[in-house]
file target_6.cif (mmCIF, C-alpha atoms)
data_run
loop_
_atom_site.label_atom_id
_atom_site.label_comp_id
_atom_site.auth_asym_id
_atom_site.auth_seq_id
_atom_site.Cartn_x
_atom_site.Cartn_y
_atom_site.Cartn_z
CA MET A 1 47.21 -36.87 -24.81
CA ALA A 2 44.03 -38.24 -26.32
CA PRO A 3 42.83 -36.45 -29.47
CA GLN A 4 39.43 -35.92 -27.88
CA GLU A 5 41.11 -33.32 -25.73
CA HIS A 6 42.44 -31.30 -28.68
CA GLY A 7 39.83 -28.62 -28.51
CA ASP A 8 40.55 -27.66 -24.93
CA LYS A 9 44.29 -27.89 -25.09
CA SER A 10 45.06 -26.30 -28.45
CA LYS A 11 45.14 -22.78 -27.02
CA GLN A 12 47.87 -23.53 -24.51
CA MET A 13 49.96 -25.68 -26.86
CA ASN A 14 53.35 -24.59 -28.12
CA THR A 15 54.32 -24.87 -31.81
CA LYS A 16 56.02 -28.24 -31.40
CA GLU A 17 52.91 -29.76 -29.81
CA LYS A 18 50.71 -28.20 -32.50
CA ILE A 19 52.87 -29.76 -35.24
CA ILE A 20 52.59 -33.21 -33.65
CA LEU A 21 48.84 -32.95 -33.28
CA ALA A 22 48.22 -31.61 -36.80
CA SER A 23 50.49 -34.31 -38.27
CA LEU A 24 48.63 -37.05 -36.42
CA ASP A 25 45.28 -35.75 -37.70
CA LEU A 26 46.53 -35.41 -41.29
CA PHE A 27 48.27 -38.81 -41.28
CA ASN A 28 45.12 -40.52 -39.96
CA GLU A 29 42.80 -38.76 -42.39
CA ASN A 30 44.85 -38.73 -45.59
CA GLY A 31 47.45 -41.46 -45.10
CA GLU A 32 50.98 -40.61 -44.04
CA ARG A 33 52.39 -41.24 -47.54
CA ASN A 34 50.20 -38.46 -48.94
CA VAL A 35 51.15 -35.83 -46.36
CA THR A 36 54.37 -33.78 -46.73
CA THR A 37 55.97 -31.48 -44.16
CA ASN A 38 54.85 -28.61 -46.43
CA HIS A 39 51.23 -29.76 -46.08
CA ILE A 40 51.60 -29.81 -42.32
CA ALA A 41 53.12 -26.33 -42.22
CA ALA A 42 50.42 -24.95 -44.54
CA HIS A 43 47.70 -26.59 -42.43
CA LEU A 44 49.03 -24.80 -39.34
CA GLY A 45 49.67 -21.52 -41.15
CA ILE A 46 53.37 -21.56 -40.26
CA SER A 47 56.41 -21.40 -42.55
CA PRO A 48 58.25 -24.59 -43.57
CA GLY A 49 61.29 -23.06 -41.89
CA ASN A 50 59.45 -22.83 -38.59
CA LEU A 51 58.49 -26.52 -38.88
CA TYR A 52 62.10 -27.51 -39.70
CA TYR A 53 63.25 -25.65 -36.61
CA HIS A 54 61.32 -28.22 -34.54
CA PHE A 55 61.58 -31.36 -36.73
CA ARG A 56 64.23 -32.22 -39.32
CA ASN A 57 61.82 -34.46 -41.27
CA LYS A 58 58.67 -36.60 -41.16
CA THR A 59 60.62 -39.47 -39.58
CA ASP A 60 61.25 -37.29 -36.53
CA ILE A 61 57.56 -36.35 -36.33
CA ILE A 62 56.52 -40.02 -36.55
CA TYR A 63 58.97 -40.90 -33.79
CA GLU A 64 57.55 -38.17 -31.55
CA ILE A 65 54.01 -39.44 -32.25
CA PHE A 66 55.14 -42.95 -31.29
CA LEU A 67 56.51 -41.63 -27.97
CA GLN A 68 53.09 -40.12 -27.21
CA TYR A 69 51.32 -43.31 -28.25
CA GLN A 70 53.45 -45.51 -26.04
CA MET A 71 53.02 -43.13 -23.09
CA LEU A 72 49.25 -43.34 -23.55
CA VAL A 73 49.17 -47.15 -23.76
CA ASP A 74 51.59 -47.60 -20.86
CA HIS A 75 49.27 -45.41 -18.82
CA TYR A 76 46.14 -47.33 -19.95
CA LEU A 77 47.62 -50.69 -19.02
CA GLN A 78 48.48 -49.79 -15.44
CA ALA A 79 46.24 -51.77 -13.13
CA PRO A 80 44.91 -49.82 -10.14
CA THR A 81 46.48 -50.78 -6.82
CA GLY A 82 44.73 -51.11 -3.49
CA ARG A 83 41.62 -52.85 -4.81
CA GLN A 84 40.63 -55.93 -6.77
CA LEU A 85 39.94 -55.76 -10.50
CA THR A 86 36.35 -56.04 -11.75
CA VAL A 87 34.80 -57.34 -14.97
CA GLU A 88 34.06 -53.70 -15.84
CA ASP A 89 37.75 -52.82 -15.42
CA GLN A 90 38.61 -55.39 -18.01
CA PHE A 91 36.25 -53.92 -20.58
CA ALA A 92 37.53 -50.45 -19.70
CA TYR A 93 41.08 -51.63 -20.57
CA LEU A 94 39.91 -52.98 -23.90
CA GLU A 95 37.98 -49.79 -24.66
CA ALA A 96 41.06 -47.71 -23.86
CA VAL A 97 43.36 -49.88 -25.98
CA PHE A 98 41.02 -49.66 -28.98
CA ASP A 99 40.61 -45.89 -28.46
CA GLY A 100 44.40 -45.67 -28.71
CA LEU A 101 44.46 -47.82 -31.85
CA TRP A 102 41.88 -45.52 -33.39
CA SER A 103 43.60 -42.26 -32.43
CA TYR A 104 46.94 -43.44 -33.84
CA ARG A 105 45.56 -45.60 -36.62
CA PHE A 106 47.99 -44.45 -39.34
CA PHE A 107 50.84 -45.87 -37.29
CA HIS A 108 50.21 -49.63 -37.50
CA ARG A 109 49.52 -49.55 -41.20
CA GLU A 110 53.07 -48.85 -42.34
CA LEU A 111 54.69 -50.07 -39.15
CA GLU A 112 57.21 -52.40 -40.81
CA HIS A 113 58.25 -49.64 -43.17
CA TYR A 114 58.69 -47.11 -40.33
CA LEU A 115 60.74 -49.55 -38.25
CA GLU A 116 63.07 -50.18 -41.18
CA SER A 117 63.64 -46.46 -41.74
CA ASP A 118 64.27 -45.49 -38.10
CA PRO A 119 66.45 -47.60 -35.76
CA ARG A 120 65.27 -45.56 -32.71
CA LEU A 121 61.68 -46.46 -33.53
CA ARG A 122 62.64 -50.07 -34.18
CA ASP A 123 64.21 -50.47 -30.73
CA GLY A 124 61.50 -48.40 -29.07
CA TYR A 125 58.66 -50.40 -30.58
CA GLN A 126 60.26 -53.69 -29.63
CA SER A 127 60.60 -52.64 -25.95
CA PHE A 128 57.10 -51.19 -26.03
CA THR A 129 55.61 -54.50 -27.23
CA GLN A 130 57.46 -56.53 -24.63
CA ARG A 131 56.32 -54.09 -21.94
CA CYS A 132 52.70 -54.33 -23.16
CA LEU A 133 52.84 -58.14 -23.10
CA GLU A 134 54.10 -58.01 -19.51
CA SER A 135 51.32 -55.57 -18.57
CA ILE A 136 48.70 -57.87 -20.13
CA CYS A 137 50.15 -60.80 -18.14
CA SER A 138 49.92 -58.74 -14.92
CA ILE A 139 46.32 -57.82 -15.66
CA LEU A 140 45.49 -61.51 -16.32
CA GLU A 141 47.10 -62.43 -13.01
CA ARG A 142 45.09 -59.73 -11.21
CA LEU A 143 41.88 -61.02 -12.88
CA GLU A 144 42.73 -64.49 -11.57
CA LYS A 145 43.28 -63.09 -8.07
CA ALA A 146 39.87 -61.38 -8.31
CA SER A 147 38.32 -64.81 -9.16
CA ILE A 148 37.22 -63.56 -12.58
CA LEU A 149 39.56 -65.88 -14.48
CA LYS A 150 40.56 -69.43 -13.53
CA PRO A 151 44.22 -69.78 -12.55
CA GLN A 152 46.64 -70.38 -15.45
CA SER A 153 50.34 -71.18 -15.53
CA GLU A 154 52.70 -68.30 -16.27
CA ASP A 155 53.48 -69.92 -19.59
CA ASP A 156 49.81 -70.13 -20.60
CA ARG A 157 49.33 -66.53 -19.52
CA ARG A 158 52.16 -65.43 -21.85
CA THR A 159 50.72 -67.37 -24.77
CA PHE A 160 47.31 -65.86 -24.06
CA ALA A 161 48.70 -62.32 -23.81
CA LEU A 162 50.50 -62.73 -27.14
CA ASN A 163 47.37 -64.01 -28.89
CA ALA A 164 45.40 -61.06 -27.51
CA TRP A 165 48.11 -58.69 -28.76
CA LEU A 166 48.10 -60.27 -32.24
CA ILE A 167 44.32 -59.97 -32.50
CA VAL A 168 44.25 -56.36 -31.29
CA THR A 169 47.05 -55.17 -33.56
CA SER A 170 45.76 -56.95 -36.69
CA TRP A 171 42.07 -56.10 -36.35
CA MET A 172 42.17 -52.82 -38.29
CA SER A 173 44.06 -54.44 -41.14
CA TYR A 174 41.51 -57.29 -41.20
CA LEU A 175 38.65 -54.80 -41.54
CA LYS A 176 40.39 -53.05 -44.41
CA THR A 177 41.57 -56.09 -46.34
CA ALA A 178 39.50 -59.17 -45.65
CA ALA A 179 36.21 -57.72 -44.52
CA GLY A 180 36.40 -55.38 -47.51
CA SER A 181 35.46 -52.28 -45.55
CA ASP A 182 36.37 -49.12 -47.37
CA ALA A 183 39.14 -47.52 -45.31
CA HIS A 184 37.20 -44.25 -45.20
CA LEU A 185 34.07 -45.98 -43.92
CA ILE A 186 35.68 -47.65 -40.92
CA ARG A 187 34.47 -45.96 -37.77
CA LYS A 188 35.65 -46.19 -34.22
CA GLU A 189 32.62 -48.36 -33.40
CA THR A 190 33.53 -50.88 -36.13
CA LEU A 191 37.09 -51.00 -34.88
CA LYS A 192 35.85 -51.75 -31.38
CA GLN A 193 34.13 -54.90 -32.62
CA GLY A 194 37.61 -56.36 -32.23
CA ILE A 195 36.81 -56.44 -28.49
CA TYR A 196 34.32 -59.25 -29.24
CA GLN A 197 37.15 -61.34 -30.70
CA VAL A 198 39.57 -60.64 -27.84
CA VAL A 199 37.05 -61.45 -25.12
CA SER A 200 36.21 -64.74 -26.84
CA LEU A 201 39.81 -65.82 -26.14
CA GLU A 202 39.21 -65.74 -22.40
CA LEU A 203 35.71 -67.22 -22.27
CA PRO A 204 36.95 -70.76 -21.54
CA PHE A 205 38.85 -69.37 -18.52
CA VAL A 206 36.10 -67.15 -17.05
CA ASN A 207 34.73 -68.32 -13.71
CA GLU A 208 31.13 -69.52 -13.71
CA SER A 209 30.04 -66.80 -11.26
CA VAL A 210 30.81 -63.94 -13.69
CA LEU A 211 30.39 -65.72 -17.04
CA ASP A 212 26.91 -64.30 -17.71
CA LYS A 213 28.12 -60.78 -17.08
CA VAL A 214 31.16 -61.18 -19.37
CA GLN A 215 28.98 -62.67 -22.11
CA ARG A 216 26.47 -59.85 -21.80
CA LEU A 217 29.10 -57.09 -21.94
CA ARG A 218 30.78 -58.85 -24.88
CA GLN A 219 27.54 -58.87 -26.91
CA ALA A 220 27.68 -55.09 -27.23
CA TYR A 221 30.72 -55.49 -29.55
CA ARG A 222 29.33 -58.24 -31.74
CA PRO A 223 30.43 -57.63 -35.34
CA SER A 224 27.57 -56.80 -37.68
CA ILE A 225 29.59 -57.92 -40.72
CA MET B 1 53.00 -74.75 -57.14
CA ALA B 2 55.26 -74.79 -54.11
CA PRO B 3 58.68 -73.17 -54.60
CA GLN B 4 60.34 -76.40 -53.44
CA GLU B 5 59.31 -77.86 -56.75
CA HIS B 6 61.05 -75.14 -58.83
CA GLY B 7 64.08 -77.20 -59.69
CA ASP B 8 62.15 -80.06 -61.25
CA LYS B 9 59.57 -77.99 -63.06
CA SER B 10 61.63 -75.11 -64.43
CA LYS B 11 62.64 -76.99 -67.56
CA GLN B 12 59.08 -77.60 -68.71
CA MET B 13 57.79 -74.12 -67.80
CA ASN B 14 56.77 -71.57 -70.40
CA THR B 15 57.97 -67.96 -70.24
CA LYS B 16 54.89 -66.71 -68.41
CA GLU B 17 55.30 -69.29 -65.65
CA LYS B 18 59.02 -68.52 -65.43
CA ILE B 19 58.28 -64.80 -64.99
CA ILE B 20 55.83 -65.52 -62.16
CA LEU B 21 58.25 -67.80 -60.38
CA ALA B 22 61.26 -65.49 -60.74
CA SER B 23 59.16 -62.52 -59.55
CA LEU B 24 57.99 -64.43 -56.48
CA ASP B 25 61.58 -65.36 -55.58
CA LEU B 26 62.87 -61.82 -56.12
CA PHE B 27 59.96 -60.19 -54.24
CA ASN B 28 60.47 -62.55 -51.27
CA GLU B 29 64.24 -62.10 -51.18
CA ASN B 30 64.62 -58.40 -51.92
CA GLY B 31 61.23 -56.88 -51.13
CA GLU B 32 58.74 -56.14 -53.89
CA ARG B 33 59.38 -52.36 -53.70
CA ASN B 34 63.02 -52.93 -54.64
CA VAL B 35 62.34 -55.15 -57.67
CA THR B 36 61.45 -53.63 -61.07
CA THR B 37 60.18 -55.43 -64.17
CA ASN B 38 63.62 -54.73 -65.65
CA HIS B 39 65.25 -56.63 -62.78
CA ILE B 40 62.93 -59.55 -63.40
CA ALA B 41 63.66 -59.61 -67.13
CA ALA B 42 67.42 -59.35 -66.50
CA HIS B 43 67.24 -62.14 -63.93
CA LEU B 44 65.61 -64.42 -66.52
CA GLY B 45 67.86 -63.28 -69.36
CA ILE B 46 64.89 -62.13 -71.44
CA SER B 47 64.20 -58.70 -72.97
CA PRO B 48 61.88 -56.23 -71.18
CA GLY B 49 59.71 -56.39 -74.33
CA ASN B 50 59.27 -60.13 -73.91
CA LEU B 51 58.18 -59.58 -70.30
CA TYR B 52 55.72 -56.84 -71.31
CA TYR B 53 54.23 -59.21 -73.87
CA HIS B 54 53.06 -61.37 -70.93
CA PHE B 55 52.47 -58.75 -68.21
CA ARG B 56 51.70 -55.05 -68.61
CA ASN B 57 53.21 -54.20 -65.23
CA LYS B 58 54.12 -55.43 -61.74
CA THR B 59 50.50 -55.13 -60.60
CA ASP B 60 49.54 -57.82 -63.13
CA ILE B 61 52.36 -60.07 -61.94
CA ILE B 62 51.29 -59.63 -58.30
CA TYR B 63 47.70 -60.49 -59.22
CA GLU B 64 48.83 -63.67 -60.98
CA ILE B 65 50.92 -64.62 -57.93
CA PHE B 66 47.86 -64.08 -55.72
CA LEU B 67 45.82 -66.43 -57.97
CA GLN B 68 48.44 -69.14 -57.47
CA TYR B 69 48.55 -68.50 -53.73
CA GLN B 70 44.80 -68.77 -53.32
CA MET B 71 44.71 -71.96 -55.42
CA LEU B 72 47.36 -73.46 -53.15
CA VAL B 73 45.59 -72.50 -49.91
CA ASP B 74 42.16 -73.57 -51.19
CA HIS B 75 43.73 -76.94 -51.99
CA TYR B 76 45.42 -77.20 -48.56
CA LEU B 77 42.22 -76.48 -46.68
CA GLN B 78 40.15 -79.21 -48.33
CA ALA B 79 39.39 -81.86 -45.73
CA PRO B 80 39.64 -85.45 -46.99
CA THR B 81 36.32 -87.17 -47.45
CA GLY B 82 35.49 -90.78 -46.62
CA ARG B 83 37.39 -90.89 -43.33
CA GLN B 84 37.52 -89.11 -39.99
CA LEU B 85 40.11 -86.41 -39.32
CA THR B 86 43.01 -87.14 -36.97
CA VAL B 87 45.14 -84.98 -34.67
CA GLU B 88 47.97 -85.44 -37.20
CA ASP B 89 45.73 -84.09 -39.98
CA GLN B 90 45.25 -80.92 -38.01
CA PHE B 91 48.97 -80.33 -37.63
CA ALA B 92 49.42 -81.15 -41.32
CA TYR B 93 46.94 -78.36 -42.17
CA LEU B 94 48.81 -75.89 -40.02
CA GLU B 95 52.15 -76.95 -41.53
CA ALA B 96 50.73 -76.47 -45.02
CA VAL B 97 49.25 -73.06 -44.22
CA PHE B 98 52.55 -71.83 -42.76
CA ASP B 99 54.46 -73.28 -45.74
CA GLY B 100 52.20 -71.17 -47.94
CA LEU B 101 52.76 -68.06 -45.82
CA TRP B 102 56.51 -68.61 -46.15
CA SER B 103 56.49 -69.23 -49.91
CA TYR B 104 54.43 -66.08 -50.57
CA ARG B 105 55.76 -64.02 -47.69
CA PHE B 106 56.21 -60.76 -49.64
CA PHE B 107 52.46 -60.70 -50.25
CA HIS B 108 51.09 -60.03 -46.77
CA ARG B 109 53.59 -57.32 -46.00
CA GLU B 110 52.22 -54.71 -48.39
CA LEU B 111 48.77 -56.26 -48.63
CA GLU B 112 46.80 -53.09 -47.86
CA HIS B 113 48.81 -51.19 -50.45
CA TYR B 114 48.26 -53.87 -53.12
CA LEU B 115 44.53 -54.02 -52.47
CA GLU B 116 44.25 -50.25 -52.86
CA SER B 117 46.08 -50.30 -56.18
CA ASP B 118 44.18 -53.19 -57.77
CA PRO B 119 40.37 -53.58 -57.49
CA ARG B 120 40.53 -57.16 -58.91
CA LEU B 121 42.91 -58.11 -56.12
CA ARG B 122 40.78 -56.30 -53.54
CA ASP B 123 37.66 -58.28 -54.48
CA GLY B 124 39.61 -61.50 -54.94
CA TYR B 125 41.30 -61.27 -51.56
CA GLN B 126 38.04 -60.55 -49.80
CA SER B 127 36.35 -63.64 -51.31
CA PHE B 128 39.48 -65.69 -50.60
CA THR B 129 39.41 -64.75 -46.89
CA GLN B 130 35.72 -65.52 -46.52
CA ARG B 131 36.28 -68.88 -48.24
CA CYS B 132 39.22 -69.66 -45.93
CA LEU B 133 37.14 -68.81 -42.85
CA GLU B 134 34.43 -71.17 -44.07
CA SER B 135 37.00 -73.90 -44.70
CA ILE B 136 38.42 -73.46 -41.20
CA CYS B 137 34.87 -73.74 -39.78
CA SER B 138 34.34 -76.97 -41.74
CA ILE B 139 37.60 -78.40 -40.45
CA LEU B 140 36.61 -77.49 -36.88
CA GLU B 141 33.28 -79.21 -37.37
CA ARG B 142 35.03 -82.30 -38.74
CA LEU B 143 37.40 -82.30 -35.73
CA GLU B 144 34.35 -82.21 -33.46
CA LYS B 145 32.79 -85.15 -35.33
CA ALA B 146 36.06 -87.06 -34.87
CA SER B 147 35.81 -86.40 -31.08
CA ILE B 148 39.04 -84.40 -31.13
CA LEU B 149 37.32 -81.12 -30.23
CA LYS B 150 34.33 -80.63 -27.94
CA PRO B 151 31.19 -79.47 -29.75
CA GLN B 152 30.84 -75.71 -30.22
CA SER B 153 28.02 -73.57 -31.56
CA GLU B 154 28.34 -72.37 -35.15
CA ASP B 155 28.77 -68.86 -33.83
CA ASP B 156 31.65 -69.87 -31.55
CA ARG B 157 33.24 -71.78 -34.41
CA ARG B 158 33.18 -68.64 -36.57
CA THR B 159 34.74 -66.51 -33.84
CA PHE B 160 37.38 -69.18 -33.32
CA ALA B 161 38.14 -69.43 -37.06
CA LEU B 162 38.55 -65.67 -37.28
CA ASN B 163 40.92 -65.53 -34.32
CA ALA B 164 42.99 -68.34 -35.86
CA TRP B 165 43.08 -66.41 -39.17
CA LEU B 166 44.18 -63.19 -37.42
CA ILE B 167 46.98 -64.98 -35.58
CA VAL B 168 48.23 -66.80 -38.69
CA THR B 169 48.21 -63.73 -40.91
CA SER B 170 49.84 -61.40 -38.36
CA TRP B 171 52.57 -63.76 -37.10
CA MET B 172 55.24 -62.80 -39.66
CA SER B 173 54.69 -59.12 -39.00
CA TYR B 174 54.95 -59.76 -35.24
CA LEU B 175 58.31 -61.48 -35.71
CA LYS B 176 59.61 -58.57 -37.77
CA THR B 177 58.32 -55.72 -35.65
CA ALA B 178 57.74 -56.68 -32.06
CA ALA B 179 60.05 -59.62 -31.62
CA GLY B 180 62.75 -57.54 -33.29
CA SER B 181 63.91 -60.34 -35.59
CA ASP B 182 65.91 -59.04 -38.50
CA ALA B 183 63.77 -59.68 -41.58
CA HIS B 184 66.68 -61.48 -43.25
CA LEU B 185 67.17 -63.76 -40.26
CA ILE B 186 63.61 -65.08 -40.11
CA ARG B 187 63.57 -68.69 -41.24
CA LYS B 188 60.73 -70.97 -42.11
CA GLU B 189 61.19 -72.74 -38.76
CA THR B 190 60.79 -69.47 -36.82
CA LEU B 191 57.67 -68.63 -38.81
CA LYS B 192 56.21 -72.02 -37.93
CA GLN B 193 56.41 -71.18 -34.22
CA GLY B 194 53.14 -69.42 -34.96
CA ILE B 195 51.60 -72.91 -34.90
CA TYR B 196 52.21 -72.97 -31.13
CA GLN B 197 50.07 -69.86 -30.76
CA VAL B 198 47.26 -71.12 -33.00
CA VAL B 199 47.04 -74.50 -31.26
CA SER B 200 46.84 -72.79 -27.87
CA LEU B 201 43.51 -71.30 -29.04
CA GLU B 202 41.93 -74.74 -29.22
CA LEU B 203 43.43 -76.32 -26.08
CA PRO B 204 40.37 -75.53 -23.91
CA PHE B 205 38.20 -77.37 -26.46
CA VAL B 206 40.36 -80.46 -26.98
CA ASN B 207 38.86 -83.69 -25.68
CA GLU B 208 40.65 -85.28 -22.72
CA SER B 209 41.44 -88.46 -24.68
CA VAL B 210 43.72 -86.67 -27.18
CA LEU B 211 44.89 -83.72 -25.07
CA ASP B 212 48.30 -85.26 -24.28
CA LYS B 213 48.94 -85.92 -27.93
CA VAL B 214 47.97 -82.38 -28.98
CA GLN B 215 50.14 -80.89 -26.23
CA ARG B 216 53.09 -83.05 -27.26
CA LEU B 217 52.82 -82.18 -30.95
CA ARG B 218 52.41 -78.50 -30.07
CA GLN B 219 55.64 -78.46 -28.03
CA ALA B 220 57.66 -78.93 -31.24
CA TYR B 221 56.72 -75.37 -32.26
CA ARG B 222 57.41 -73.68 -28.94
CA PRO B 223 58.96 -70.25 -29.63
CA SER B 224 62.56 -69.97 -28.51
CA ILE B 225 62.32 -66.18 -28.27
#
call {"tool": "encode", "arguments": {"input": "target_6.cif", "output": "structure tokens"}}
result
Amino acid sequence: MAPQEHGDKSKQMNTKEKIILASLDLFNENGERNVTTNHIAAHLGISPGNLYYHFRNKTDIIYEIFLQYQMLVDHYLQAPTGRQLTVEDQFAYLEAVFDGLWSYRFFHRELEHYLESDPRLRDGYQSFTQRCLESICSILERLEKASILKPQSEDDRRTFALNAWLIVTSWMSYLKTAAGSDAHLIRKETLKQGIYQVVSLELPFVNESVLDKVQRLRQAYRPSI
Amino acid sequence: MAPQEHGDKSKQMNTKEKIILASLDLFNENGERNVTTNHIAAHLGISPGNLYYHFRNKTDIIYEIFLQYQMLVDHYLQAPTGRQLTVEDQFAYLEAVFDGLWSYRFFHRELEHYLESDPRLRDGYQSFTQRCLESICSILERLEKASILKPQSEDDRRTFALNAWLIVTSWMSYLKTAAGSDAHLIRKETLKQGIYQVVSLELPFVNESVLDKVQRLRQAYRPSI
């Protein structure tokens, strides 16, 4: 469920769903370390006891948020069947992936810490990554079949997919650390400048016939920093 | 100062240098969160008061370690003058950069947290990154002049340098989270498999005359996972 839909859905949500959604908002806005289960309960106007009925602790809430995040990304990365992929499809994938990164932005920040504290999350995240890398490889193969990308070996496709993954998942941290952006000033639009970097990876493999179009669409994400 | 040199140098070091070196070792081995200034003092067989005489707190020790790290990397990334670069030079740079990542591996893990707690470090790290990106651009330009890489625009060189930086700085975290390697089982050799990923970035730009050589040298870092 994308956070943009909160407004419409909040009326039909049950308490458990409301807790997940409020936690996600509070973690993103204030940093997960600064948010206690008491804050979450107070924010929702429910008793701590009511919250504990649904979740034993923050670790359980974070795990539930991860399950939603992976469902979202798995859904995003499914290539449509029955037709060839287009250049626009490719940018739509990247937009969706960066929307997901933005909506769940607290999660990658303390990822290593979360994985150490929760073996379920550790195993889940590992499978999730491997599944994402396979999905990226499938999309690359479909882009080759659609004559957008030049054919690559399976091995090169894997290497490419992994580099794309590394760039996507480290972009937010780059903005916060190396580019010196104040964490509170980073906006969704700034985050999406990462798309410029990811697309540059594939430029050497883009077929001549669509190169102008890819270059033009890529320019919209050019970092201003 | 690379940790490999500890054995030879430790006898001539003063207390301040010994504290920095012991802290670096303990942070890398046990995680910085689990190491107190008392642990460091006990490890060196000095009194906590003696340690506080040199460093007010852990933040000051971490800042001093960062200064050493940046001095090391700045030194690594200086291209030799008076001769053309070779393919071997390029792999030597990557080896050196990954040696540095290994020797100071605790640092990148909690980087965002450190930068938030210490404005000196925040500014220092930002300048350091920008300087590294410029150094990488210079090296790329020198590789073009040596006919190892095909000529690129300055803009493409910058994008390339940034992607290389993102891959290098996120590789350790990838191994720990997504590849599911137990943090204690990651060895320097596994970390250096990141070189395979970085070199793949440049393959489309490598001149035909040296492509075989680059491919052959790259194979040595092929990830086994």
call {"tool": "resolve_selection", "arguments": {"input": "target_6.cif", "expression": "the PyMOL selection byres ((chain B) within 9 of (chain A))", "output": "PDB file with C-alpha atoms, in the coordinates of the input"}}
result
ATOM      1  CA  ARG B 109      53.590 -57.320 -46.000  1.00  0.00           C
ATOM      2  CA  GLU B 110      52.220 -54.710 -48.390  1.00  0.00           C
ATOM      3  CA  LEU B 111      48.770 -56.260 -48.630  1.00  0.00           C
ATOM      4  CA  GLU B 112      46.800 -53.090 -47.860  1.00  0.00           C
ATOM      5  CA  LEU B 115      44.530 -54.020 -52.470  1.00  0.00           C
ATOM      6  CA  ARG B 122      40.780 -56.300 -53.540  1.00  0.00           C
ATOM      7  CA  ASP B 123      37.660 -58.280 -54.480  1.00  0.00           C
ATOM      8  CA  TYR B 125      41.300 -61.270 -51.560  1.00  0.00           C
ATOM      9  CA  GLN B 126      38.040 -60.550 -49.800  1.00  0.00           C
ATOM     10  CA  SER B 127      36.350 -63.640 -51.310  1.00  0.00           C
ATOM     11  CA  PHE B 128      39.480 -65.690 -50.600  1.00  0.00           C
ATOM     12  CA  THR B 129      39.410 -64.750 -46.890  1.00  0.00           C
ATOM     13  CA  GLN B 130      35.720 -65.520 -46.520  1.00  0.00           C
ATOM     14  CA  ASP B 156      31.650 -69.870 -31.550  1.00  0.00           C
ATOM     15  CA  THR B 159      34.740 -66.510 -33.840  1.00  0.00           C
ATOM     16  CA  PHE B 160      37.380 -69.180 -33.320  1.00  0.00           C
ATOM     17  CA  LEU B 162      38.550 -65.670 -37.280  1.00  0.00           C
ATOM     18  CA  ASN B 163      40.920 -65.530 -34.320  1.00  0.00           C
ATOM     19  CA  LEU B 166      44.180 -63.190 -37.420  1.00  0.00           C
ATOM     20  CA  ILE B 167      46.980 -64.980 -35.580  1.00  0.00           C
ATOM     21  CA  THR B 169      48.210 -63.730 -40.910  1.00  0.00           C
ATOM     22  CA  SER B 170      49.840 -61.400 -38.360  1.00  0.00           C
ATOM     23  CA  TRP B 171      52.570 -63.760 -37.100  1.00  0.00           C
ATOM     24  CA  SER B 173      54.690 -59.120 -39.000  1.00  0.00           C
ATOM     25  CA  TYR B 174      54.950 -59.760 -35.240  1.00  0.00           C
ATOM     26  CA  LYS B 176      59.610 -58.570 -37.770  1.00  0.00           C
ATOM     27  CA  THR B 177      58.320 -55.720 -35.650  1.00  0.00           C
ATOM     28  CA  ALA B 178      57.740 -56.680 -32.060  1.00  0.00           C
ATOM     29  CA  ALA B 179      60.050 -59.620 -31.620  1.00  0.00           C
ATOM     30  CA  GLY B 180      62.750 -57.540 -33.290  1.00  0.00           C
ATOM     31  CA  TYR B 196      52.210 -72.970 -31.130  1.00  0.00           C
ATOM     32  CA  GLN B 197      50.070 -69.860 -30.760  1.00  0.00           C
ATOM     33  CA  VAL B 198      47.260 -71.120 -33.000  1.00  0.00           C
ATOM     34  CA  SER B 200      46.840 -72.790 -27.870  1.00  0.00           C
ATOM     35  CA  LEU B 201      43.510 -71.300 -29.040  1.00  0.00           C
ATOM     36  CA  PRO B 204      40.370 -75.530 -23.910  1.00  0.00           C
ATOM     37  CA  PHE B 205      38.200 -77.370 -26.460  1.00  0.00           C
TER      38      PHE B 205
END
call {"tool": "residues_around", "arguments": {"input": "target_6.cif", "residues": "A:Leu44", "least_positions_apart": "3", "cutoff": "12 Å", "atoms": "only C-alpha atoms", "output": "JSON, numbers by chain"}}
result
{"A": [10, 15, 16, 17, 18, 19, 20, 21, 22, 23, 25, 26, 37, 38, 39, 40, 41, 47, 48, 50, 51]}
call {"tool": "residues_around", "arguments": {"input": "target_6.cif", "residues": "stretch 211-216 of chain B", "least_positions_apart": "6", "cutoff": "9 Å", "atoms": "all atoms listed in the file", "output": "PyMOL selection string"}}
result
chain B and resi 87-88+91+148+199-200+203
call {"tool": "residues_around", "arguments": {"input": "target_6.cif", "residues": "stretch 98-103 of chain B", "least_positions_apart": "3", "cutoff": "7 Å", "atoms": "all atoms listed in the file", "output": "PDB file with C-alpha atoms, in the frame of the given file"}}
result
ATOM      1  CA  PRO B   3      58.680 -73.170 -54.600  1.00  0.00           C
ATOM      2  CA  LEU B  94      48.810 -75.890 -40.020  1.00  0.00           C
ATOM      3  CA  GLU B  95      52.150 -76.950 -41.530  1.00  0.00           C
ATOM      4  CA  LYS B 188      60.730 -70.970 -42.110  1.00  0.00           C
ATOM      5  CA  LYS B 192      56.210 -72.020 -37.930  1.00  0.00           C
TER       6      LYS B 192
END
call {"tool": "resolve_selection", "arguments": {"input": "target_6.cif", "expression": "the PyMOL selection byres ((chain A and resi 60) around 12)", "output": "JSON, numbers by chain"}}
result
{"A": [16, 19, 20, 23, 37, 51, 52, 53, 54, 55, 56, 57, 58, 59, 61, 62, 63, 64, 65, 66, 67, 114, 117, 118, 119, 120, 121]}
